[in-house]
Every structure is written in C-alpha cells, then in structure tokens.
Protein chains: 2
Amino acid sequence: MFQKSQKKAEATLENMRRVFSIPQSDSATLMKIERQISHNLLGFMRQHTIAGEMEPAQIEQDFMNVSVPEDPMFVNDQAQFLMEKVVSQSVHTASPSFIGHMTSSMPHFMLPLAKIMIALNQNVVKIETSKAFTPLESQVVGMLHNFIYHRDPAFYERWTHHRAHAFGIFCSGGTIANLTGLWVARNLLLAPKGDYHGVREDGLAAGLAEYGFKKLVILVSARGHYSLKKSADILGLGRSNLIAIPTDDQNKIDLTALREKIAELKQLKIGILALVGIAGTTETGNVDPLNEMADIAALHKIHFHVDGAWGAPTLFSQRYRHILRGIERADSVVIDAHKQLYVPVGAGICVFKNETSLDAVETSAQYIVRRGSRDLGKHTLEGSRAGMAMLVHSALRIFGRKGYEILIDRGIELAAEFSGMILDSQDFELTTAPELNILTYRFVPVNLRKKWDTLPQDAKFAVNSLLSELTVNIQKTQRDNGQSFVSRTTFEIPSQGRQSLTVFRVVLANPLTTRQVLDDVLAEQRVIAESEMRKMNFSQEVDKFFLQT
Amino acid sequence: MFQKSQKKAEATLENMRRVFSIPQSDSATLMKIERQISHNLLGFMRQHTIAGEMEPAQIEQDFMNVSVPEDPMFVNDQAQFLMEKVVSQSVHTASPSFIGHMTSSMPHFMLPLAKIMIALNQNVVKIETSKAFTPLESQVVGMLHNFIYHRDPAFYERWTHHRAHAFGIFCSGGTIANLTGLWVARNLLLAPKGDYHGVREDGLAAGLAEYGFKKLVILVSARGHYSLKKSADILGLGRSNLIAIPTDDQNKIDLTALREKIAELKQLKIGILALVGIAGTTETGNVDPLNEMADIAALHKIHFHVDGAWGAPTLFSQRYRHILRGIERADSVVIDAHKQLYVPVGAGICVFKNETSLDAVETSAQYIVRRGSRDLGKHTLEGSRAGMAMLVHSALRIFGRKGYEILIDRGIELAAEFSGMILDSQDFELTTAPELNILTYRFVPVNLRKKWDTLPQDAKFAVNSLLSELTVNIQKTQRDNGQSFVSRTTFEIPSQGRQSLTVFRVVLANPLTTRQVLDDVLAEQRVIAESEMRKMNFSQEVDKFFLQT
C-alpha cells in the first residue's frame, strides 16, 4: 500500500517536472494563439477583441470565483478561457485609433525580445542572478544619463559600472522613478551632521528639528502628475505639502508666483524638498520653462527634479529639443521607457546629475546587495526586478537617435495637424494647443458657438458645465463603441477664463495613426454628439440660458 | 527638391510603420533564438551559456558605450549581440543545480503566456487601458486574499470588484508589497481627527504631535528582510527605528524579548507602527510564531503585518500549513508570486484583512484613477503596471491547490533529505536545520571537526573566522565555475554560540533538483575546498591555534 502511494507520488512529481522542462502537448492551443499574435498582432486583435460590447459589470461575472481550484486544469482549457474572456475583452492599445492614453503601439521586434527576457528570468537585484544583465542595465542607465546630461567620456568611464556609486536607477515606471528622485532629495536635504545621522537613519522628525524646519514642501505647477501626491504622502510630508504653483496661459508654471511662494516659505522656515519641473504634462503635454526654473533652484539651493516621464525623449529631435532647454541642469530627471521609448509596460528610469546622490538611499544586506558588490539592488527602491533593461537597450540601438527622431517629429507634427483640423471645424473647439504631441479639445454645437458671445458670463459658466457633461457622455460612448478611443480630463482651461472644464485629451505617439484616423475620430464624435445631446435634452437646456438673457 | 525630401521622409515613416505592425525579415535571427528557447529552454541554456568563464570586469567591457547610436541597427545584428554577449553570460537560474537563490525554474506554459501578456500591453492602472485585465487582477487579489483569510463568500461577492474599496494590491514585488503594508499601517495609526487631516495630508510631524508620540518604530525579528529598512527610511521613521528583536535557537522571534520591548516603548511614548511576523525568513526559511504574535498585536492594538513573500504558499500543503498558523489573523500579508507561485519576476501582492484599510492611501486624479471608477491605480503605490496578474491567474488555475502542494511538499522534503546528507557527512556541518525548504551549512575539514572540542573558546572564535573566509572562497569559486550555485550569507548562528558566521545557503524550490544534484553540489564543494584551503594555507593557520593550547 505504502509502495503504491509512493509510486503515485513519484509519477505525479515526474509529471510536474515535465511541466517545468518541456513544451506540453496539452498547451497546443496556447502556442497557437501565441503564433497568431506573433504573425499579425493588429489583425489578431481586430479579429478577436469585442471590447465595447460588454459593460464592466458584465465582464466581472467571469472573474468572480476567488477559490484556487483544488485540481489542476489543462493548459489548453486555460488558453481557451483567456481567448474567450480576457483577450476578447482587452483594450486594443496598439490600434492606430487608440489615441487617448500613453500606452501606445510597440515595435514588432519587442515580442520575441520580451519572450527571451522572460525565459532567461534574470533577477537584476544582484549580480549572482544577472551576470550580464547587471552591466547591461548599467549601460542603459548610462545611455540615458548621457542623453540628458552629456557629461564627458571620462565621467562615464569612471562611474557607469562603479562598485560603490550609481548615477541612476531603473525601475517599474515613472511613479517609482519620481518617488526615488524625491526620496534622494529629502535625504540629501536632511543629511547627517554631528550626532544626527540623517533622516535616513534617524527619521523625519529628528531631521526637521536638526535643520530648524517647521515642515517640508514640494513645489510643482498645478499640472503636476498625481504620483507626486503619493510621493509627498509616503515620504512623510503629507499631500497638502505638495504645493501647486499656478500656471500661465500655456499651462507652464508661473515663474513670478513661484518666486513669491519661495520667498514666503523661507520666511516661514519651511524647507523646500524639491522644485519639480514638468517636461510634458500628462494632460496637455506642455513643458515648464526648465532653464529659468534651474536658475531659481540654483539661487535658492533647491533640489531641481524634472519629471520627463513623457517628454524627455523629445531630446532625440533636432527640431524640437530646444523646448527642453535646461533639463541638463536638473539634479534628477525621470524618463519612462514604456512611453516614448516604445518598450512594453513597465520600465522607468531616474538619473541623477551627481554620481553620489544615490548614496543617500543606499541599502546593504548580508546575503545580497553586499557593500562593494556591483549589485544594482543597493540603490533601488525595488528589490527583485526583471531584465527590462534588455528591451530598452535593444530599442535604443535598433531605432538609433534618428529612428526616435522620426517618431517624435511625426507625433508633434501630427498633433499640429490635428489642432489645425479642429480649428478649421465649426463644431470642435481647441481647448489647449499642442506644444508636443498632446492636445485637448471639446465638441460645441455650431449654433451654440455662433451665439456664444451673446451669453452673459454666468450663463457661460452654466453652459460650460453642460458641455462638460456632454463631453463625458461622448467620451464614454465612443470608448464603449470600441472603434476608437480618446480620453478625457478636467482642469482649469486658460482659454475659458480658468473655469474647470472636462475636455477630450489626445496623445499622438502611434506611428500608425494617420490623418484619416483623426478624421474618423472626429466624424464618430459628431455622430455620437447628436444622439447624446438628444438624450440630455441639450438644446432645450441651453436655450433656457438664452431665453433668460 | 522639397518634394524629394518630402518623399524621403514619407518613405522613412512608412518603414517605421512596418516595424510597428508586422514581423520584419531582418529579425529572422531573433525569431530563431526565440523558437529555440521555446522548444527547449534548459537545453538552449546548457548549450549557450558560458557564464563563469569571465570576470564581471571583463563582461563590462561589452557594455561601456553610453552613446545612443546615431543610426538604426538591424534587428538581426542586435539579436546576434544579445546571443554572444548577454545570453552567453546570463545566469542559468532555471538549472536544477542553481539552488542558491529564490529565482527558480518556470513552468513551460509561462513562455507563451508571457508573450501574449506583453503583446496585449494592457496597463492596469486604469480600466480604460485594461478592460478585462482589471477584473482579472481583482480576482487574483481575491483568490490570494481568500487563500490567506478565507472569509465567507458574501464578503468576496461584495468587495472583490468594489468601486470604492480594495482589500489588496498587486505590485512589482515583495519590497513594494511590504512598503504598501507599512504605508497603510502608518496612515491608519496617525489617522485624521478633528482639525488634523491625518499623516497622509498633513505629514508625519503633525501626526506625531497630534498623537503625542515622540517617534514611530517597526518591530521585527533580527531575521527581517532588508526591504523593511528601506520602508522605515522612505516612510520617514528612519532606519534606526526598525527595531530588531532577538531570535531564539530556531531563528524565530523571541516572544519574551518582544513583550519587554513593547512595554519599554509604551513607557517612552514611542508609537509602534507595526509588528512584522516573518513567514519564511530569507536566510533560514524559519517561520515566526505568528499566532502568538497575533495575540500580542491584538492586546496592544498594533498593526500585525506578515511578510510571507517566500513562505505563504506553504498554506497549499495540507501537511505543512500548520507551520503558518495565525497568518489569517494578520492585518496585512505579503506574498511574492515570482517566488513559490512560479511566475516570472516581478509580481508581488499585499492583502489586507479589512476591506477599508487601503482607503488610507487612496489617490485620485482627473484624467485617470477617478473616484468611483474601478481603476486599480487608486490604491497602488505604482502607477502604470503590466498585466502580470494574468500569469498568476493562469498558474493558480493550471496547477491548482494540489499542484502547488506537490511542489511545496517536495521542496520541504528535499530540504530535510539534504540536511540528512549533511548530517551524515564527515566534512559538512548543518548550521541551521530546515523548517521549510531553506537551510544553511558549511564545510569543516574532517580532522578539524574531530579536534573541535579540544579548542579553547577564543580559538574557536578565530577558527570560525577562518572557516567563514573559506566558505566565501568556496562559494565564489563554485559560482564562477558555473556548474552549480549555492549562495552565502552571514549571521549569528545559534548553534555556534551566536558568533556571526558566513555559511552556505540553499533554497530548494526547483522540482528538477534531485538528490543526485545535491550529491554533486557537495562533491564539487569538497574538491574546491581542498584547493582553496591550500591557497589559504588553511591547515597551517588552524594548527597554530592547536599549538597554542
């Protein structure tokens, strides 16, 4: 009896081993799907996604069971499930008409590369699990540091693979990258002195007391990314101490307001952890006056951090790189590789001008990230990490500067073209003009536009609210139709007397997007607008305001 | 002339579009490598990796250039480079004789699955870029919550896909998961009251003042993971306020010392942010007395966080789950899916007993993670994230509980077998016995072991230091030989009078590892030990201590 159950256990283990070592006959369906995707991803998605037909609440019904099944399932059955319930309900982010978010198309060579990366399953936290991936990642960080700061060759020869210091970190995305930049800034500001071992060792309360600060704040324009709020929270500053400086009519930080705020804070003995410049705001794509901000930061000895998650790759373009002038003066800069470097989600980088800045957050342990080792984990917030740097390395080399330049220039010029189309139309209104490849606009019916100037100010306010509601309804319906996708956002629109409005937001970074696609997007929105206005009784509601006047 | 350059620009753009939409003939080499890997990863790695032959400093020579090349490169050329310089120098983490770290083998079905995930390139920060992946991830979090807490079905029906609350988060790995657990604990401890808006809004200094705490500390045994140090730093506590409680002879937290420390802290008006229990310490694999710790945490109303990054999947085993008794009483629990759930790096989860805990760190923005939306980004530290949950979903269903049970039981039993082999040997010494599937040991030459008891105490101390040096040398040589890999760590070994020693560390989680592999590892270490001892003049050095006596 014992022998029999022993034999059975051995047979089961043997089965399990096969699952780990060779492709199984029971995974043929899975491998077929994979082949189809490799062959023609866009066609596959067109054919198989039906997203839009089902409401989220309906889709959820297929994901209700929270029990791990007792018995194993055939790989083919899971593959079938994924096809029917997951792939079919996925968002076709690579579609040329998916122009609403920053998750874009991917070059085709990423697919085999990504699979090789995952097969190798290196863990770059330490060199013992990533022998070549460690110097490869250091090189990628070096390439991006050089891209921003272009220090001399001797600098890179000395520091790129240094055992004790690092001038940048690779991480899962812009949020962790921004957090790392601000973490370093906090620890540098409240550095050790005398018996006090620094905020890193002794904590924030001790640091504030030592330096005589009542509290710390971070300064950024009102267009700052929401990840900065999380950073202010987690670093112990509190979200209310992320101070939003007003923006000018181009959605750039107002330098006068910034200078006044700094003077006020100094008088109140409030420490400034960092001044954050934005190179491509998420909502409007504008770039802060980085060079002037660098002057201000230098004058007041404030850590100058640039969130270039979206816009930093604009430096590839000879025609447009001037927009980012001054970025090379920042103390730290964030770049998201899964945005305009066109690698899969998620790969972010934070580079530091100074090769010793990251010492302020260094960690070591005994079995790992040992002092004096090359282990990348010594300077990263994250621990175990995949070898995503291999994908960035490949993209940077395969595209080259000129390849990226084509993509960047094309996006900026297509955005300019689209804004022209909107300006030429009678029923769309450009709410923010594109500086890079992002713009916002809204639908305003022709007859309303014609009569707009006859509306008194408070009626304009009310009608604007109705228009915001209409925008939301159009955006949702278009999204749910599944043919194309633009996003929406809400903020104070300079051209509308700073009223907070909901507008369409378009991000043009997919090289497959053409003028024809943009024409179709507008045409679809017009059709949807008609039916949404009927549902809302829009004309009658608006007419009330005209009757009142 | 203009027309000509215009035509050229269009042709270039057309080329670029092809790169984004269809497989290119110039990527044949890349696709061939991918096919070989899919067919037989283990064989491919055996054949192509030569890691071990080259020193890190030599490998670095291939990764020195920090300039983004001006011109594009053929995909095939990059593929050739990756084969020759990256794959060849990678660590064969899936090898049955790679038993030193927690980066293990992967079931074969992960390769096509991972490629599909990357091809779909969903971004789960918001439902607009992850229509089906959002409920899928919520389901996975629900499965793991249920796995730990097994609340009633009504609980999961109500909360799994809730629009306002979440009982867990998915992230890139254990470090972010631990940080999230402690971030939540901090914000719950220093919650809003009266005019004070909580540490989240007003910051740590205001929170401490409001609650009358001098500072905050985190309590964990001396075997706590180094990510907790980073958490204490980033959350503003300071690393010195991560208090290491001594461990007993089984490397488990000493409950008496813990109780005393809590009493002392209360008298000093120091707040306890969290008590951290370890379910599988990284170095020795031991599990803290979770149930007793839960009693203590309940008594003192302390947030009880369990770091189960390694050990939580032990709950799959009917035979061994009792070791984790009490884990279901924790306020938050961390599980790493890229460890014993066998998905690729990096996938971590933190689940919370209470469905409202994560409200303490909620974020919203206008264009994304809107209030009332199902957007997962509302409760995560990270922003953009890949659809790794699809891999966990598939693994949980394809293995089922019974599949994981086989893997868990096999690992624990193989570790017991290996410890028996070490105990039976004359020249290896078991330094910590395995409770789960991790153990430590060292090499001690036969004649030294025989005479050990005749050594006076201080001579033992000195000889132990020599043995630590020998361990380091053996470990490095074995690693560089590239045939097999064990890791090393340094800590106070209970069986050696608490002297801090360097020892071999073995993690047995690869189902392909057999007794024969373990025999070979020991045999190789014996051979290496002989030559390392000669290089160190080991016998002569040791003899000095015997002559002295």
# chains A, B, ... in the order shown; residues from 1 in each chain; ligands from 1
$ residues_around --residues "Ile398 (chain A)" --least-positions-apart "2" --cutoff "8 Å" --atoms "only C-alpha atoms" --output "PyMOL selection string"
(chain A and resi 394-396+400) or (chain B and resi 72-75+78)
$ select_by_dssp --residues "region 250-495 of chain A" --states "alpha helix (DSSP H)" --output "ChimeraX atom specification"
/A:255-267,290-300,389-424,446-451,457-481
$ select_by_dssp --residues "region 72-183 of chain A" --states "strand (DSSP E)" --output "ChimeraX atom specification"
/A:168-171
$ residues_around --residues "Ile493 (chain B)" --least-positions-apart "6" --cutoff "8 Å" --atoms "only C-alpha atoms" --output "PDB file with N, CA and C atoms, in the first residue's frame"
ATOM      1  N   THR B 431      24.295  24.253   9.761  1.00  0.00           N
ATOM      2  CA  THR B 431      24.299  25.395  10.685  1.00  0.00           C
ATOM      3  C   THR B 431      22.889  25.829  11.073  1.00  0.00           C
ATOM      4  N   THR B 432      21.920  25.687  10.157  1.00  0.00           N
ATOM      5  CA  THR B 432      20.514  25.846  10.563  1.00  0.00           C
ATOM      6  C   THR B 432      19.696  24.763   9.860  1.00  0.00           C
ATOM      7  N   GLN B 499      27.981  33.351  17.363  1.00  0.00           N
ATOM      8  CA  GLN B 499      29.016  34.055  16.598  1.00  0.00           C
ATOM      9  C   GLN B 499      28.492  34.297  15.188  1.00  0.00           C
ATOM     10  N   SER B 500      28.839  35.456  14.642  1.00  0.00           N
ATOM     11  CA  SER B 500      28.416  35.775  13.287  1.00  0.00           C
ATOM     12  C   SER B 500      29.309  35.022  12.301  1.00  0.00           C
ATOM     13  N   LEU B 501      28.710  34.129  11.530  1.00  0.00           N
ATOM     14  CA  LEU B 501      29.475  33.280  10.621  1.00  0.00           C
ATOM     15  C   LEU B 501      28.943  33.388   9.199  1.00  0.00           C
TER      16      LEU B 501
END
$ residues_around --residues "Gly346 (chain B)" --least-positions-apart "4" --cutoff "8 Å" --atoms "only C-alpha atoms" --output "PyMOL selection string"
(chain A and resi 384-386) or (chain B and resi 171-173+337-338)
$ closest_residue --among "B:Gly383, B:Arg442, B:Phe461, B:Leu42" --to "Tyr226 (chain A)" --atoms "only C-alpha atoms"
B:Gly383
